[in-house]
Amino acid sequence: MTTETELKLRIAPEDVKKLLKHPLLKSTTLKNYPIYNTYFDTEDHRLLQEGMGLRIRHIGDKRVQTLKTRGLAISGLHHRQEWEDEVNTDFPNCLDWTVDNLPSICRDPEIITQLKPLFSTEFTRLIANLELEDHTHIELALDQGYIKTVDKSLPLCEVELELKAGSPDRLFQTALTLQKKIPLWVENHTKAARGYQLCRDIPLSYHKAGRPPVFQPDCSTEEAFIKIVQHCIEHWQANEEIVLKDGDVEGIHQMRVALRRLRSVLSAFNNIIPNKAHTRIRQDLKHLARLLGTVRDLDVFELSLSTIPQRLNSKLPCDLETPLKQQRQTNLSAVQQFLQDTRYSRLLLLLGKWLTRRSWRYHLQPAQLSLLEQPISGFAYNSLTTLYKKVIAEQRDLQQLSYEERHALRIRIKKLSYGLRFFGNLYSRQRMSTFTQSLSTLQEVLGSLNDIWNALKIIEQLEIQNQPPGPGFLQGWYSSQEVSLLSHLQTAWTDWLAQSPFWQEQNQAEEEV
């Protein structure tokens with residue numbers, strides 16, 4: 001068994017000549033040969049369900065069967081375990097594997113007897129071996145061809161940078177060097193993943209964050225930081241395709257949530273990983289979050305509008321569908337254009353390099369470096385306490401706060417909520433429950449008030465001024481909803497303040513034991 005580490009990048013066919021003329025490839029000997037792969041699974045895709053991919057590769061007269069795990073893909077960097085064995089047939093010979101530590105499912109006779117070919121990849125591979133400084137060896141592979149099923153095909157044109165020796169951050173640096181002269185885009189989907197998508201013809205869907213990473217109390221603060229950031233990036237990129245191709249409402253929402261959480265993490269760790277360590281990354285994240293926000297605000301506004309006729313038992317006094325649809329398409333196009341721009345791909349590559357190289361270390365003093373090695377339990381306690389104090393510092397009557405002040409309070413509460421989610425596995429679920437439930441209620445009321453603020457701004461922006469009594473009616477409607485929500489806000493605030501910070505109680509209880 002070996003672990004494959006490679007960075008996948010998409011390239012347009014018309015830019016291949018630029019790649020071949022790049023200075024990095026000039027001193028290398030290029031090798032070119034055809035490859036034909038057939039991928040196997042059961043009718044119900046049992047191997048896929050187990051996170052496995054099985055293929056037979058033809059290279060000339062040689063046949064190699066390979067099993068790969070799904071692994072982890074962050075910013076185009078794929079880490080996967082793989083098992084290879086040479087065979088003399090066109091069908092997998094799983095019972096006679098000569099490799100060790102093979103997953104048991106691949107020796108299951110019930111599975112083996114149900115295997116059948118599902119799809120194939122047929123392409124020409126050009127290889128260039130890059131010998132870089134620091135004894136780094138990277139194999140650059142340019143693949144051009146097709147992914148095929150019985151009745152469908154998908155063009156294939158991509159660059160793979162596989163690490164043979166050296167540090168993974170050199171893969172990102174090499175990609176960034178190439179991208180200065182050639183448009184390249186990060187590719188998080190393997191050929192196998194695209195093949196399964198082609199043969200299954202499954203509609204695109206949005207993805208929620210899933211369970212946050214789990215770490216032990218003695219896990220270092222730095223390792224916990226990396227795991228949390230990777231979790232946020234996975235959530236973000238899982239929704240990239242549906243936002244790009246479909247503009248799905250929930251996909252937009254989930255990508256925006258992922259970016260919010262990522263930016264919140266960077267903020268929470270700011271005392272040991274300062275902003276100057278990720279200035280460019282933070283600026284691009286903020287830009288993308290703002291673009292997504294312009295679409296999400298319209299989606300929330302449209303949803304709130306849809307409830308008005310039902311509650312009034314009458315139609316709206318103005319037609320908002322046309323201007324709303326036009327404005328959403330304009331805002332969505334701005335998001336999609338950014339996602340297709342090399343600036344976006346560069347953001348992912350810079351973020352990947354920053355993580356794998358741990359570039360923040362170059363900005364830290366010895367005392368800060370030592371804090372990175374401290375257990376995450378201590379950092380989590382201090383971080384949650386700091387976030388909590390920033391929230392409870394607002395002791396005025398919340399009904400008297402301006403829109404801007406309520407929004408600022410809501411952001412502080414969101415940061416606390418995200419911190420509770422990321423560090424939650426360090427604490428007793430029973431202790432957390434009441435605290436987080438009351439915080440969620442408070443957050444929901446503030447969120448609804450923020451939606452009203454956004455709705456009033458959108459009404460002013462949309463071209464409905466020539467449709468009286470449209471603007472006046474809607475402004476009156478939302479103002480009345482605001483009055484109702486404000487009456488609940490102080491109650492929700494008081495109820496939450498009555499809850500004790502559970503992490504402090506648990507810490508005290510553990511010290512007394």
# chains A, B, ... in the order shown; residues from 1 in each chain; ligands from 1

call {"tool": "residues_around", "arguments": {"residues": "Leu420 of chain A", "least_positions_apart": "5", "cutoff": "10 Å", "atoms": "only C-alpha atoms", "output": "VMD selection string"}}
result
chain A and resid 380 383 to 384 387 414 to 415 425 to 427 432 436 503

call {"tool": "write_last_selection", "arguments": {"atoms": "C-alpha atoms", "output": "PDB file, in the first residue's frame"}}
result
ATOM      1  CA  ALA A 380     -10.886  26.523  23.444  1.00  0.00           C
ATOM      2  CA  SER A 383     -11.496  31.529  23.095  1.00  0.00           C
ATOM      3  CA  LEU A 384     -15.072  30.749  24.155  1.00  0.00           C
ATOM      4  CA  LEU A 387     -16.303  35.437  22.581  1.00  0.00           C
ATOM      5  CA  LYS A 414     -22.627  33.926  15.368  1.00  0.00           C
ATOM      6  CA  LYS A 415     -18.909  33.801  16.164  1.00  0.00           C
ATOM      7  CA  ASN A 425     -16.698  17.720  21.234  1.00  0.00           C
ATOM      8  CA  LEU A 426     -14.407  18.760  24.115  1.00  0.00           C
ATOM      9  CA  TYR A 427     -17.392  19.251  26.412  1.00  0.00           C
ATOM     10  CA  MET A 432     -24.035  22.283  26.261  1.00  0.00           C
ATOM     11  CA  THR A 436     -26.891  26.357  22.881  1.00  0.00           C
ATOM     12  CA  TRP A 503     -17.289  25.305  29.579  1.00  0.00           C
TER      13      TRP A 503
END

call {"tool": "closest_residue", "arguments": {"among": "A:Leu462, A:Ala455, A:Leu398, A:Leu355", "to": "Glu302 of chain A", "atoms": "only C-alpha atoms"}}
result
A:Ala455

call {"tool": "residues_around", "arguments": {"residues": "segment 48-59 of chain A", "least_positions_apart": "5", "cutoff": "10 Å", "atoms": "only C-alpha atoms", "output": "VMD selection string"}}
result
chain A and resid 33 to 42 64 to 71 81 to 87 89 to 94 103 105 to 106 115 117 to 122 192 to 193 196

call {"tool": "write_last_selection", "arguments": {"atoms": "N, CA and C atoms", "output": "compact mmCIF listing (two decimals), in the first residue's frame"}}
result
# COMPACT_ATOMS: atom_id res chain seq x y z
N TYR A 33 2.38 8.62 -23.91
CA TYR A 33 1.87 7.28 -24.18
C TYR A 33 0.37 7.21 -23.89
N PRO A 34 -0.34 6.31 -24.57
CA PRO A 34 -1.79 6.18 -24.37
C PRO A 34 -2.10 5.33 -23.13
N ILE A 35 -3.21 5.65 -22.48
CA ILE A 35 -3.68 4.89 -21.30
C ILE A 35 -5.16 4.59 -21.48
N TYR A 36 -5.52 3.37 -21.13
CA TYR A 36 -6.93 2.97 -21.17
C TYR A 36 -7.26 2.33 -19.83
N ASN A 37 -8.28 2.86 -19.14
CA ASN A 37 -8.70 2.34 -17.83
C ASN A 37 -10.15 1.90 -17.89
N THR A 38 -10.45 0.78 -17.24
CA THR A 38 -11.83 0.34 -17.05
C THR A 38 -12.11 0.28 -15.56
N TYR A 39 -13.20 0.90 -15.12
CA TYR A 39 -13.55 0.95 -13.71
C TYR A 39 -14.68 -0.05 -13.43
N PHE A 40 -14.56 -0.76 -12.31
CA PHE A 40 -15.48 -1.83 -11.97
C PHE A 40 -16.17 -1.55 -10.63
N ASP A 41 -17.42 -2.00 -10.56
CA ASP A 41 -18.16 -1.93 -9.30
C ASP A 41 -19.39 -2.83 -9.45
N THR A 42 -20.13 -2.98 -8.38
CA THR A 42 -21.38 -3.74 -8.44
C THR A 42 -22.48 -2.85 -9.01
N VAL A 64 -2.55 -3.48 -15.06
CA VAL A 64 -2.38 -3.28 -13.63
C VAL A 64 -3.74 -3.01 -13.01
N GLN A 65 -4.07 -3.78 -11.97
CA GLN A 65 -5.32 -3.49 -11.25
C GLN A 65 -4.97 -2.63 -10.04
N THR A 66 -5.77 -1.61 -9.84
CA THR A 66 -5.51 -0.63 -8.78
C THR A 66 -6.77 -0.39 -7.98
N LEU A 67 -6.59 -0.36 -6.67
CA LEU A 67 -7.67 0.01 -5.75
C LEU A 67 -7.26 1.29 -5.06
N LYS A 68 -8.15 2.29 -5.07
CA LYS A 68 -7.87 3.56 -4.40
C LYS A 68 -8.99 3.91 -3.43
N THR A 69 -8.61 4.55 -2.33
CA THR A 69 -9.62 5.06 -1.40
C THR A 69 -10.05 6.46 -1.86
N ARG A 70 -11.19 6.90 -1.33
CA ARG A 70 -11.68 8.23 -1.69
C ARG A 70 -10.72 9.30 -1.18
N GLY A 71 -10.20 9.11 0.03
CA GLY A 71 -9.22 10.03 0.58
C GLY A 71 -9.78 11.40 0.87
N GLN A 81 -4.96 6.47 -0.35
CA GLN A 81 -4.22 5.21 -0.28
C GLN A 81 -4.51 4.41 -1.54
N GLU A 82 -3.52 3.68 -2.01
CA GLU A 82 -3.74 2.87 -3.21
C GLU A 82 -2.96 1.56 -3.12
N TRP A 83 -3.56 0.53 -3.73
CA TRP A 83 -2.95 -0.79 -3.83
C TRP A 83 -2.87 -1.15 -5.32
N GLU A 84 -1.72 -1.61 -5.77
CA GLU A 84 -1.55 -1.98 -7.17
C GLU A 84 -1.01 -3.40 -7.28
N ASP A 85 -1.44 -4.09 -8.34
CA ASP A 85 -0.99 -5.46 -8.57
C ASP A 85 -1.09 -5.74 -10.07
N GLU A 86 -0.05 -6.27 -10.65
CA GLU A 86 -0.07 -6.59 -12.07
C GLU A 86 -0.89 -7.86 -12.30
N VAL A 87 -1.71 -7.85 -13.35
CA VAL A 87 -2.57 -9.00 -13.67
C VAL A 87 -2.42 -9.32 -15.15
N THR A 89 -5.27 -10.40 -17.00
CA THR A 89 -6.62 -10.45 -17.57
C THR A 89 -7.20 -9.04 -17.62
N ASP A 90 -8.34 -8.92 -18.32
CA ASP A 90 -9.01 -7.62 -18.41
C ASP A 90 -10.05 -7.44 -17.32
N PHE A 91 -10.10 -8.39 -16.38
CA PHE A 91 -11.09 -8.34 -15.31
C PHE A 91 -10.36 -8.44 -13.97
N PRO A 92 -10.83 -7.74 -12.95
CA PRO A 92 -10.14 -7.78 -11.65
C PRO A 92 -9.99 -9.19 -11.12
N ASN A 93 -8.82 -9.47 -10.58
CA ASN A 93 -8.53 -10.78 -9.99
C ASN A 93 -8.29 -10.57 -8.50
N CYS A 94 -9.36 -10.20 -7.81
CA CYS A 94 -9.24 -9.75 -6.42
C CYS A 94 -8.79 -10.85 -5.46
N PRO A 103 -8.23 -3.81 1.94
CA PRO A 103 -9.53 -3.76 2.62
C PRO A 103 -10.31 -5.05 2.41
N ILE A 105 -13.35 -5.81 2.06
CA ILE A 105 -14.44 -5.84 1.09
C ILE A 105 -13.97 -6.33 -0.27
N CYS A 106 -12.68 -6.13 -0.57
CA CYS A 106 -12.15 -6.53 -1.88
C CYS A 106 -11.85 -8.02 -1.96
N LEU A 115 -19.08 -7.87 -9.55
CA LEU A 115 -18.36 -6.78 -10.22
C LEU A 115 -18.63 -6.78 -11.72
N PRO A 117 -17.93 -3.96 -15.43
CA PRO A 117 -17.41 -2.66 -15.91
C PRO A 117 -18.51 -1.61 -15.95
N LEU A 118 -18.19 -0.42 -15.45
CA LEU A 118 -19.18 0.67 -15.41
C LEU A 118 -18.85 1.78 -16.40
N PHE A 119 -17.59 2.19 -16.44
CA PHE A 119 -17.17 3.25 -17.34
C PHE A 119 -15.68 3.12 -17.59
N SER A 120 -15.20 3.89 -18.52
CA SER A 120 -13.77 3.81 -18.87
C SER A 120 -13.21 5.22 -19.07
N THR A 121 -11.90 5.32 -19.00
CA THR A 121 -11.21 6.55 -19.35
C THR A 121 -10.17 6.20 -20.41
N GLU A 122 -10.13 7.00 -21.44
CA GLU A 122 -9.20 6.77 -22.54
C GLU A 122 -8.53 8.10 -22.86
N ALA A 192 -12.43 9.10 -11.55
CA ALA A 192 -13.41 8.09 -11.13
C ALA A 192 -14.70 8.75 -10.66
N ALA A 193 -14.59 9.83 -9.89
CA ALA A 193 -15.78 10.53 -9.40
C ALA A 193 -16.61 11.07 -10.55
N TYR A 196 -18.38 8.09 -12.30
CA TYR A 196 -19.59 7.66 -11.58
C TYR A 196 -20.72 8.65 -11.81

call {"tool": "residues_around", "arguments": {"residues": "Pro168 of chain A", "least_positions_apart": "2", "cutoff": "12 Å", "atoms": "only C-alpha atoms", "output": "PyMOL selection string"}}
result
chain A and resi 4-7+74+76-79+136-138+161-166+170-175+349+352-358

call {"tool": "residues_around", "arguments": {"residues": "Gln490 of chain A", "least_positions_apart": "4", "cutoff": "10 Å", "atoms": "only C-alpha atoms", "output": "list in words"}}
result
Arg396, Asp397, Leu398, Gln399, Leu442, Val445, Leu485, Leu486, Thr494, Asp495 and Trp496 of chain A

call {"tool": "closest_residue", "arguments": {"among": "A:Arg406, A:Arg260, A:Lys181, A:His22", "to": "Leu285 of chain A", "atoms": "only C-alpha atoms"}}
result
A:Arg260

call {"tool": "residues_around", "arguments": {"residues": "segment 330-337 of chain A", "least_positions_apart": "4", "cutoff": "7 Å", "atoms": "only C-alpha atoms", "output": "PyMOL selection string"}}
result
chain A and resi 244+247+291-292+294-295+326+341

call {"tool": "write_last_selection", "arguments": {"atoms": "all heavy atoms", "output": "tab-separated table (two decimals), in the first residue's frame"}}
result
chain	number	residue	atom	x	y	z
A	244	LEU	N	-22.06	27.02	-9.31
A	244	LEU	CA	-21.54	27.40	-10.61
A	244	LEU	C	-22.47	27.03	-11.75
A	244	LEU	O	-22.70	27.81	-12.67
A	244	LEU	CB	-20.17	26.75	-10.81
A	244	LEU	CG	-19.34	27.20	-12.02
A	244	LEU	CD1	-19.10	28.69	-11.99
A	244	LEU	CD2	-18.02	26.45	-12.05
A	247	GLY	N	-26.80	27.67	-9.68
A	247	GLY	CA	-27.20	28.84	-8.90
A	247	GLY	C	-28.22	28.51	-7.84
A	247	GLY	O	-29.03	29.36	-7.43
A	291	LEU	N	-20.13	38.75	-2.44
A	291	LEU	CA	-20.86	38.41	-3.66
A	291	LEU	C	-21.99	37.42	-3.37
A	291	LEU	O	-23.12	37.59	-3.85
A	291	LEU	CB	-19.90	37.82	-4.70
A	291	LEU	CG	-18.85	38.77	-5.30
A	291	LEU	CD1	-17.95	37.99	-6.26
A	291	LEU	CD2	-19.52	39.93	-6.03
A	292	LEU	N	-21.69	36.40	-2.59
A	292	LEU	CA	-22.71	35.41	-2.23
A	292	LEU	C	-23.82	36.06	-1.41
A	292	LEU	O	-25.00	35.72	-1.57
A	292	LEU	CB	-22.08	34.27	-1.44
A	292	LEU	CG	-21.15	33.34	-2.22
A	292	LEU	CD1	-20.31	32.49	-1.26
A	292	LEU	CD2	-21.94	32.41	-3.14
A	294	THR	N	-25.03	39.05	-1.67
A	294	THR	CA	-25.97	39.81	-2.50
A	294	THR	C	-27.04	38.91	-3.10
A	294	THR	O	-28.17	39.36	-3.34
A	294	THR	CB	-25.24	40.55	-3.63
A	294	THR	OG1	-24.63	39.60	-4.52
A	294	THR	CG2	-24.19	41.49	-3.09
A	295	VAL	N	-26.70	37.65	-3.35
A	295	VAL	CA	-27.68	36.70	-3.88
A	295	VAL	C	-28.55	36.16	-2.75
A	295	VAL	O	-29.78	36.08	-2.86
A	295	VAL	CB	-26.99	35.52	-4.61
A	295	VAL	CG1	-28.03	34.58	-5.20
A	295	VAL	CG2	-26.06	36.04	-5.69
A	326	GLN	N	-34.52	39.53	-12.19
A	326	GLN	CA	-33.45	40.19	-12.96
A	326	GLN	C	-32.27	40.53	-12.07
A	326	GLN	O	-31.11	40.31	-12.44
A	326	GLN	CB	-34.00	41.45	-13.63
A	326	GLN	CG	-34.97	41.17	-14.77
A	326	GLN	CD	-35.61	42.45	-15.30
A	326	GLN	OE1	-35.57	43.51	-14.66
A	326	GLN	NE2	-36.21	42.37	-16.48
A	341	ASP	N	-13.02	32.56	-12.56
A	341	ASP	CA	-11.83	33.39	-12.78
A	341	ASP	C	-10.61	32.73	-12.14
A	341	ASP	O	-10.72	32.03	-11.14
A	341	ASP	CB	-12.06	34.76	-12.14
A	341	ASP	CG	-11.05	35.79	-12.61
A	341	ASP	OD1	-9.93	35.79	-12.06
A	341	ASP	OD2	-11.36	36.58	-13.52

call {"tool": "closest_residue", "arguments": {"among": "A:Lys116, A:Lys31, A:Lys227, A:Lys180", "to": "Val214 of chain A", "atoms": "only C-alpha atoms"}}
result
A:Lys227

call {"tool": "residues_around", "arguments": {"residues": "Tyr381 of chain A", "least_positions_apart": "5", "cutoff": "10 Å", "atoms": "only C-alpha atoms", "output": "ChimeraX atom specification"}}
result
/A:376,386,423,426,503-504,507

call {"tool": "write_last_selection", "arguments": {"atoms": "N, CA and C atoms", "output": "mmCIF file, in the first residue's frame"}}
result
data_model
loop_
_atom_site.group_PDB
_atom_site.id
_atom_site.type_symbol
_atom_site.label_atom_id
_atom_site.label_comp_id
_atom_site.auth_asym_id
_atom_site.auth_seq_id
_atom_site.Cartn_x
_atom_site.Cartn_y
_atom_site.Cartn_z
ATOM 1 N N ILE A 376 -5.388 21.977 22.723
ATOM 2 C CA ILE A 376 -6.515 22.769 22.234
ATOM 3 C C ILE A 376 -7.526 23.048 23.342
ATOM 4 N N THR A 386 -13.623 34.560 25.754
ATOM 5 C CA THR A 386 -13.467 35.861 25.094
ATOM 6 C C THR A 386 -14.678 36.193 24.235
ATOM 7 N N PHE A 423 -15.579 23.540 18.921
ATOM 8 C CA PHE A 423 -14.957 23.007 20.131
ATOM 9 C C PHE A 423 -15.905 22.136 20.945
ATOM 10 N N LEU A 426 -15.248 18.752 22.914
ATOM 11 C CA LEU A 426 -14.407 18.760 24.115
ATOM 12 C C LEU A 426 -15.244 18.809 25.392
ATOM 13 N N TRP A 503 -18.701 25.695 29.644
ATOM 14 C CA TRP A 503 -17.289 25.305 29.579
ATOM 15 C C TRP A 503 -16.540 25.727 30.844
ATOM 16 N N GLN A 504 -16.989 26.844 31.465
ATOM 17 C CA GLN A 504 -16.371 27.270 32.715
ATOM 18 C C GLN A 504 -16.774 26.342 33.850
ATOM 19 N N ASN A 507 -14.873 23.054 33.394
ATOM 20 C CA ASN A 507 -13.463 23.227 33.736
ATOM 21 C C ASN A 507 -13.272 23.258 35.245
#

call {"tool": "closest_residue", "arguments": {"among": "A:Lys17, A:Thr385, A:Leu371, A:Asp451", "to": "Asn271 of chain A", "atoms": "only C-alpha atoms"}}
result
A:Leu371

call {"tool": "select_by_dssp", "arguments": {"residues": "segment 406-438 of chain A", "states": "alpha helix (DSSP H)", "output": "ChimeraX atom specification"}}
result
/A:406-423,429-438

call {"tool": "atom_distance", "arguments": {"atom1": "atom CA of Gln329 of chain A", "atom2": "atom CA of Glu250 of chain A"}}
result
15.5 Å

call {"tool": "closest_residue", "arguments": {"among": "A:Ile458, A:Ile127, A:Leu339, A:Leu47", "to": "Gln144 of chain A", "atoms": "only C-alpha atoms"}}
result
A:Ile127

call {"tool": "closest_residue", "arguments": {"among": "A:Ile392, A:Leu298, A:Leu288, A:Val257", "to": "Ile413 of chain A", "atoms": "only C-alpha atoms"}}
result
A:Ile392
